[in-house]
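**Q** Mind having a look at this structure? Questions to follow.
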Amino acid sequence: QNLEESEVVEQVYSTSVVAMEDLLEFNADLLFQLDSYIDILDARINLIRRIAHYMMKHYNRDSLQGNLLSHFRFLRHMQKDWAHVLELMEQPLGKSQLLFLKESRPHYPSASDLEEGSFGIQRIQQIYRLQLKDIVSGLLDGVQHGTSFSTLESFTVARALYRRYRYLEAVPWLEQTLSLYEQTSEEARESYQLLGFDVSQTHMLYIEGLMKLNRYEDALEAIDRDPKPNLWRLRDRVEMLMMSSNDLPLGKPNPPLTTLQLCCRGGCPYRDMHRLTCGYNTTVTPFLRLAPFKTEILSLSPYMVLYHDVITPLESETLRNLSRPHMKRRAMTYNKLNLRPIIDPKRTSNSVWFKSNSNAVIERLERRAGHMTNFEMVYSEVYQMLNYGIGGHYYPHVDHFESPEVLKQRKIGDRIATILFYLSDVPQGGATLFPLLNISVRPRQGDALLWYNLNDRGQGEMDTLHTSCPIIKGSKWALVKWIDELSQPFRRPCNR
Ligand SMILES: O=C(O)CCC(=O)C(=O)O
Ligand SMILES: [Fe+2]
């Protein structure tokens with residue numbers, strides 16, 4: 001097995017579409033167990049009911065008829081039957097089902113996983129500038145999806161933001177939660193309650209959130225909208241604060257759209273001006289005369305090209321399938337105190353590494369990448385396969401090393417270039433965006449993006465700052481190859 005296995009890390013689901021598919025299977029197993037548990041309890045209830053009815057009918061106030069037989073009959077009953085009933089009542093039921101659920105517990109998504117998913121939703125809201133009412137009804141950036149949010153999901157997002165003191169974002173979600181609840185049928189409300197949702201608590205949290213934002217008038221209005229005896233004291237407190245505080249209500253500032261917000265939606269404006277040339281590349285290596293690559297130059301400085309159709313759909317599929325069982329959340333940092341892995345929210349994807357000789361497809365890609373780029377590949381790094389999840393993204397970063405200390409430890413030098421292969425189409429969102437260059441590239445199965453991270457002097461190009469826009473729909477698969485600096489003296493000789 002050539003896949004590099006890292007230390008065992010607990011599965012994180014929210015950061016990868018593939019992992020979520022596993023969760024679906026898991027849920028089916030759990031439901032099956034719950035169903036047999038119900039059957040077993042049901043059978044026992046029926047049994048006990050039948051015995052009880054029999055006993056009520058045959059042994060009651062009329063049991064003693066003054067004759068010997070009736071006395072003996074009753075005596076036998078009292079000695080034997082109740083002991084039997086007790087035994088039945090004491091017998092533990094559904095042990096194996098209970099055990100299954102207990103042992104499955106470590107595989108349930110963790111609370112931080114759900115939190116991460118909540119932040120994914122909020123990220124999409126922010127970057128794509130969505131209205132909450134649109135999100136909850138499944139309208140995402142102009143596309144109507146077949147799923148909507150109920151009170152429960154809306155509350156989960158609200159709570160996650162609130163817990164992290166993100167009141168400005170949490171309060172609108174709480175408002176949305178309460179408004180969804182108002183539109184909910186009595187029957188559904190009952191189910192929510194069964195699942196632990198408490199509407200009074202939510203209302204209270206909303207009022208507290210408003211107070212955190214110094215929105216005292218709104219807090220009073222919220223209290224009066226649903227006056228409850230336990231809120232009278234709070235009402236007094238709000239009124240006091242309103243009179244004594246000079247703080248202005250905190251509201252969402254309305255800044256101009258950021259490049260991220262502009263470019264993640266539908267591509268950067270004026271991007272077509274950057275389209276320098278588009279043609280067949282036949283000259284990089286002699287091999288290309290036989291098999292030219294469709295090449296689109298996106299930028300000259302830093303140098304950036306997009307190759308089309310360099311991986312066949314079958315090759316992509318093979319790599320996806322090889323990766324699937326090994327994908328893990330590896331973008332983690334470690335808590336210095338207890339050494340437990342903590343999630344790095346800057347990068348929400350699951351990944352796996354391939355060495356360059358892992359399998360035939362990778363070996364072929366390695367040769368092809370050499371022909372495409374004219375770089376020497378011998379010492380370059382392992383291939384990194386990525387799959388993103390709910391609202392998955394990769395925070396703006398550069399690929400070269402910014403710290404001289406880290407660089408010194410790397411025998412193969414800095415990352416002179418990056419090749420990013422796209423192994424799937426992404427129907428909505430998920431572009432790779434270079435905000436300082438106004439370039440955004442939509443993932444298209446078979447395409448590969450190459451850019452130089454270092455300038456001609458070998459210095460890091462900060463203009464290569466890039467990010468993966470959050471994914472709205474689809475499963476984004478990308479394969480990253482970083483090319484090292486040290487093997488290239490004959491391939492990139494023009495360094496000044
Ligand atoms: O997934 C993307 O579009 C970007 C990935 C990336 O920048 C990286 O892995 O360094
Ligand atoms: Fe990167």
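If you're wondering about the labels, chains in the structure tokens are A, B, ... by order shown, residues count from 1 in each chain, ligands from 1 in order shown.
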Return as a PyMOL selection string the full set of residues in region 140-243 of chain A whose backbone-based DSSP assignment is alpha helix (DSSP H).

**A** chain A and resi 151-163+167-182+186-194+199-212+216-225+232-243

**Q** How would you write, as an MDAnalysis selection string, the set of residues no farther than 10 Å from ligand 2 when counting only C-alpha atoms and all ligand atoms?

**A** chainID A and resid 394:400 418:420 432 453 464:468 480:482

**Q** Residues as selected, N, CA and C atoms, written as an mmCIF file, in the first residue's frame, can you do that?

**A**
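Once everything was written out, this is result_14.cif:
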```
data_model
loop_
_atom_site.group_PDB
_atom_site.id
_atom_site.type_symbol
_atom_site.label_atom_id
_atom_site.label_comp_id
_atom_site.auth_asym_id
_atom_site.auth_seq_id
_atom_site.Cartn_x
_atom_site.Cartn_y
_atom_site.Cartn_z
ATOM 1 N N TYR A 394 -10.786 26.965 1.283
ATOM 2 C CA TYR A 394 -9.398 27.015 1.706
ATOM 3 C C TYR A 394 -9.065 28.495 1.808
ATOM 4 N N TYR A 395 -8.772 28.917 3.009
ATOM 5 C CA TYR A 395 -8.508 30.313 3.322
ATOM 6 C C TYR A 395 -7.398 30.869 2.416
ATOM 7 N N PRO A 396 -7.443 32.167 2.060
ATOM 8 C CA PRO A 396 -6.395 32.723 1.205
ATOM 9 C C PRO A 396 -4.986 32.455 1.761
ATOM 10 N N HIS A 397 -4.118 31.957 0.917
ATOM 11 C CA HIS A 397 -2.759 31.600 1.348
ATOM 12 C C HIS A 397 -1.834 31.602 0.139
ATOM 13 N N VAL A 398 -0.550 31.530 0.391
ATOM 14 C CA VAL A 398 0.399 31.300 -0.696
ATOM 15 C C VAL A 398 1.010 29.924 -0.473
ATOM 16 N N ASP A 399 1.483 29.302 -1.538
ATOM 17 C CA ASP A 399 1.999 27.939 -1.392
ATOM 18 C C ASP A 399 3.487 27.922 -1.032
ATOM 19 N N HIS A 400 4.204 29.000 -1.364
ATOM 20 C CA HIS A 400 5.630 28.996 -1.034
ATOM 21 C C HIS A 400 5.809 29.237 0.461
ATOM 22 N N THR A 418 3.139 25.354 -8.560
ATOM 23 C CA THR A 418 2.054 24.467 -8.119
ATOM 24 C C THR A 418 1.285 24.005 -9.343
ATOM 25 N N ILE A 419 0.980 22.727 -9.389
ATOM 26 C CA ILE A 419 0.014 22.263 -10.397
ATOM 27 C C ILE A 419 -1.211 21.786 -9.636
ATOM 28 N N LEU A 420 -2.353 22.305 -10.046
ATOM 29 C CA LEU A 420 -3.606 21.912 -9.402
ATOM 30 C C LEU A 420 -4.468 21.222 -10.470
ATOM 31 N N THR A 432 -11.163 28.293 -7.791
ATOM 32 C CA THR A 432 -9.885 28.688 -7.217
ATOM 33 C C THR A 432 -9.691 30.148 -7.598
ATOM 34 N N ASN A 453 5.177 30.049 -8.134
ATOM 35 C CA ASN A 453 5.092 30.707 -6.827
ATOM 36 C C ASN A 453 6.260 31.649 -6.576
ATOM 37 N N THR A 464 0.552 35.615 -5.764
ATOM 38 C CA THR A 464 -0.065 34.307 -6.012
ATOM 39 C C THR A 464 -1.033 33.909 -4.907
ATOM 40 N N LEU A 465 -1.296 34.831 -3.978
ATOM 41 C CA LEU A 465 -2.279 34.550 -2.924
ATOM 42 C C LEU A 465 -3.534 33.941 -3.559
ATOM 43 N N HIS A 466 -3.984 32.829 -3.005
ATOM 44 C CA HIS A 466 -5.156 32.180 -3.606
ATOM 45 C C HIS A 466 -6.004 31.495 -2.551
ATOM 46 N N THR A 467 -7.211 31.157 -2.957
ATOM 47 C CA THR A 467 -8.194 30.613 -2.028
ATOM 48 C C THR A 467 -9.155 29.723 -2.809
ATOM 49 N N SER A 468 -9.750 28.787 -2.118
ATOM 50 C CA SER A 468 -10.815 28.029 -2.767
ATOM 51 C C SER A 468 -12.138 28.589 -2.273
ATOM 52 N N VAL A 480 -3.191 18.184 -5.869
ATOM 53 C CA VAL A 480 -2.192 19.251 -5.828
ATOM 54 C C VAL A 480 -0.801 18.654 -5.941
ATOM 55 N N LYS A 481 0.023 19.279 -6.773
ATOM 56 C CA LYS A 481 1.414 18.843 -6.884
ATOM 57 C C LYS A 481 2.297 20.070 -6.746
ATOM 58 N N TRP A 482 3.147 20.045 -5.741
ATOM 59 C CA TRP A 482 4.085 21.152 -5.577
ATOM 60 C C TRP A 482 5.430 20.747 -6.163
#
```

**Q** Pick out the residues sitting within 10 Å of region 402-405 of chain A, and hand them over as a PDB file with N, CA and C atoms, in the first residue's frame; count only C-alpha atoms, and ignore anything fewer than 4 positions along from it in its own chain.

**A**
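File written: out36.pdb
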```
ATOM      1  N   VAL A 398      -0.550  31.530   0.391  1.00  0.00           N
ATOM      2  CA  VAL A 398       0.399  31.300  -0.696  1.00  0.00           C
ATOM      3  C   VAL A 398       1.010  29.924  -0.473  1.00  0.00           C
ATOM      4  N   GLN A 409      15.145  24.040   6.512  1.00  0.00           N
ATOM      5  CA  GLN A 409      15.052  22.605   6.813  1.00  0.00           C
ATOM      6  C   GLN A 409      14.682  21.763   5.605  1.00  0.00           C
ATOM      7  N   ARG A 410      14.177  22.415   4.569  1.00  0.00           N
ATOM      8  CA  ARG A 410      13.782  21.646   3.388  1.00  0.00           C
ATOM      9  C   ARG A 410      14.954  21.505   2.450  1.00  0.00           C
ATOM     10  N   ASP A 414      12.366  25.708  -2.025  1.00  0.00           N
ATOM     11  CA  ASP A 414      10.983  26.196  -1.943  1.00  0.00           C
ATOM     12  C   ASP A 414      10.125  25.516  -3.023  1.00  0.00           C
ATOM     13  N   GLN A 459      12.350  34.511  -5.385  1.00  0.00           N
ATOM     14  CA  GLN A 459      11.634  35.048  -4.224  1.00  0.00           C
ATOM     15  C   GLN A 459      10.143  34.763  -4.350  1.00  0.00           C
ATOM     16  N   GLY A 460       9.496  34.592  -3.196  1.00  0.00           N
ATOM     17  CA  GLY A 460       8.061  34.308  -3.192  1.00  0.00           C
ATOM     18  C   GLY A 460       7.256  35.442  -3.812  1.00  0.00           C
ATOM     19  N   MET A 462       4.006  37.287  -3.715  1.00  0.00           N
ATOM     20  CA  MET A 462       2.819  37.392  -2.863  1.00  0.00           C
ATOM     21  C   MET A 462       1.540  37.524  -3.685  1.00  0.00           C
TER      22      MET A 462
END
```

**Q** Excluding same-chain residues fewer than 3 positions from Phe119 (chain A), what lies within 10 Å of it counting only C-alpha atoms, as a PyMOL selection string?

**A** chain A and resi 113-116+122-125+157-158+160-161+345+390-392

**Q** Ranking A:Arg189, A:Arg49, A:His71, A:Lys95 by minimum distance to Gln33 (chain A) and counting only C-alpha atoms, which one comes first?

**A** A:Lys95

**Q** Would you pick out the contacts of region 304-317 of chain A at 8 Å or less, using only C-alpha atoms, so that residues sharing its chain but fewer than 2 positions from it are not included, and give the list as a PyMOL selection string?

**A** chain A and resi 293-302+319-321+361+365+423-424+445-452

**Q** Restricting it to N, CA and C atoms, dump the selection as a short mmCIF file (atom, residue, chain, number, x, y, z; two decimals), in the first residue's frame.

**A**
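Okay, this is what ended up in again.cif:
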```
data_model
loop_
_atom_site.label_atom_id
_atom_site.label_comp_id
_atom_site.auth_asym_id
_atom_site.auth_seq_id
_atom_site.Cartn_x
_atom_site.Cartn_y
_atom_site.Cartn_z
N PHE A 293 -0.94 20.10 -25.85
CA PHE A 293 -1.92 20.40 -24.80
C PHE A 293 -2.67 21.67 -25.14
N LYS A 294 -3.97 21.66 -24.89
CA LYS A 294 -4.74 22.90 -25.02
C LYS A 294 -4.37 23.79 -23.85
N THR A 295 -3.84 24.95 -24.17
CA THR A 295 -3.26 25.77 -23.11
C THR A 295 -3.80 27.19 -23.16
N GLU A 296 -4.14 27.69 -22.01
CA GLU A 296 -4.66 29.05 -21.94
C GLU A 296 -3.77 29.82 -20.97
N ILE A 297 -3.13 30.87 -21.45
CA ILE A 297 -2.28 31.64 -20.54
C ILE A 297 -3.15 32.63 -19.78
N LEU A 298 -3.10 32.58 -18.48
CA LEU A 298 -3.96 33.47 -17.68
C LEU A 298 -3.20 34.68 -17.17
N SER A 299 -1.91 34.51 -16.97
CA SER A 299 -1.12 35.64 -16.48
C SER A 299 0.34 35.39 -16.84
N LEU A 300 1.06 36.50 -17.12
CA LEU A 300 2.49 36.34 -17.43
C LEU A 300 3.34 36.54 -16.20
N SER A 301 2.89 37.44 -15.32
CA SER A 301 3.67 37.68 -14.12
C SER A 301 2.75 37.88 -12.93
N PRO A 302 2.66 36.93 -12.04
CA PRO A 302 3.30 35.62 -12.07
C PRO A 302 2.73 34.74 -13.20
N LEU A 319 -8.58 7.73 -9.65
CA LEU A 319 -7.92 8.38 -8.51
C LEU A 319 -8.90 8.67 -7.38
N ARG A 320 -10.10 9.09 -7.77
CA ARG A 320 -11.12 9.35 -6.72
C ARG A 320 -11.43 8.07 -5.96
N ASN A 321 -11.59 6.98 -6.70
CA ASN A 321 -11.92 5.72 -6.05
C ASN A 321 -10.79 5.19 -5.18
N VAL A 361 -1.80 5.45 -12.59
CA VAL A 361 -2.34 6.74 -13.03
C VAL A 361 -1.43 7.88 -12.58
N LEU A 365 0.59 10.57 -14.74
CA LEU A 365 0.40 12.01 -14.51
C LEU A 365 1.73 12.70 -14.29
N LEU A 423 -10.26 17.17 -10.59
CA LEU A 423 -10.71 15.82 -10.89
C LEU A 423 -12.23 15.70 -10.87
N SER A 424 -12.92 16.81 -10.76
CA SER A 424 -14.39 16.77 -10.87
C SER A 424 -14.88 18.15 -11.29
N GLN A 445 -13.49 19.07 -14.68
CA GLN A 445 -12.82 17.78 -14.69
C GLN A 445 -11.83 17.72 -15.86
N GLY A 446 -10.60 17.35 -15.56
CA GLY A 446 -9.61 17.19 -16.62
C GLY A 446 -8.69 18.38 -16.80
N ASP A 447 -9.05 19.53 -16.23
CA ASP A 447 -8.20 20.71 -16.37
C ASP A 447 -7.10 20.71 -15.31
N ALA A 448 -6.04 21.42 -15.61
CA ALA A 448 -4.97 21.58 -14.62
C ALA A 448 -4.47 23.02 -14.68
N LEU A 449 -4.27 23.58 -13.51
CA LEU A 449 -3.82 24.96 -13.41
C LEU A 449 -2.37 24.93 -12.94
N LEU A 450 -1.51 25.66 -13.65
CA LEU A 450 -0.11 25.74 -13.23
C LEU A 450 0.23 27.19 -12.94
N TRP A 451 0.86 27.44 -11.81
CA TRP A 451 1.38 28.79 -11.61
C TRP A 451 2.73 28.73 -10.90
N TYR A 452 3.53 29.79 -11.14
CA TYR A 452 4.85 29.88 -10.51
C TYR A 452 4.71 30.65 -9.20
#
```

**Q** Check the DSSP output for the backbone and give back, as a list in words, the residues of region 194-300 of chain A in strand (DSSP E or B).

**A** Thr277, Cys278, Gly279, Tyr280, Asn281, Phe293, Lys294, Thr295, Glu296, Ile297, Leu298, Ser299 and Leu300 of chain A

**Q** With C-alpha atoms kept, could you save the residues just selected as a compact mmCIF listing (two decimals), in the first residue's frame?

**A**
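Listed below is the output, out-v9.txt:
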```txt
# COMPACT_ATOMS: atom_id res chain seq x y z
CA THR A 277 -3.72 33.63 -25.48
CA CYS A 278 -5.30 30.32 -25.99
CA GLY A 279 -3.80 27.68 -28.20
CA TYR A 280 -2.07 24.38 -28.57
CA ASN A 281 1.24 24.04 -26.86
CA PHE A 293 -1.92 20.40 -24.80
CA LYS A 294 -4.74 22.90 -25.02
CA THR A 295 -3.26 25.77 -23.11
CA GLU A 296 -4.66 29.05 -21.94
CA ILE A 297 -2.28 31.64 -20.54
CA LEU A 298 -3.96 33.47 -17.68
CA SER A 299 -1.12 35.64 -16.48
CA LEU A 300 2.49 36.34 -17.43
```

**Q** Looking at A:Glu366, A:Glu103, A:Asp425, A:Asp456, which one is nearest to ligand 1, with distances taken over only C-alpha atoms and all ligand atoms?

**A**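 Among the listed residues, the smallest separation from ligand 1 belongs to A:Asp425.
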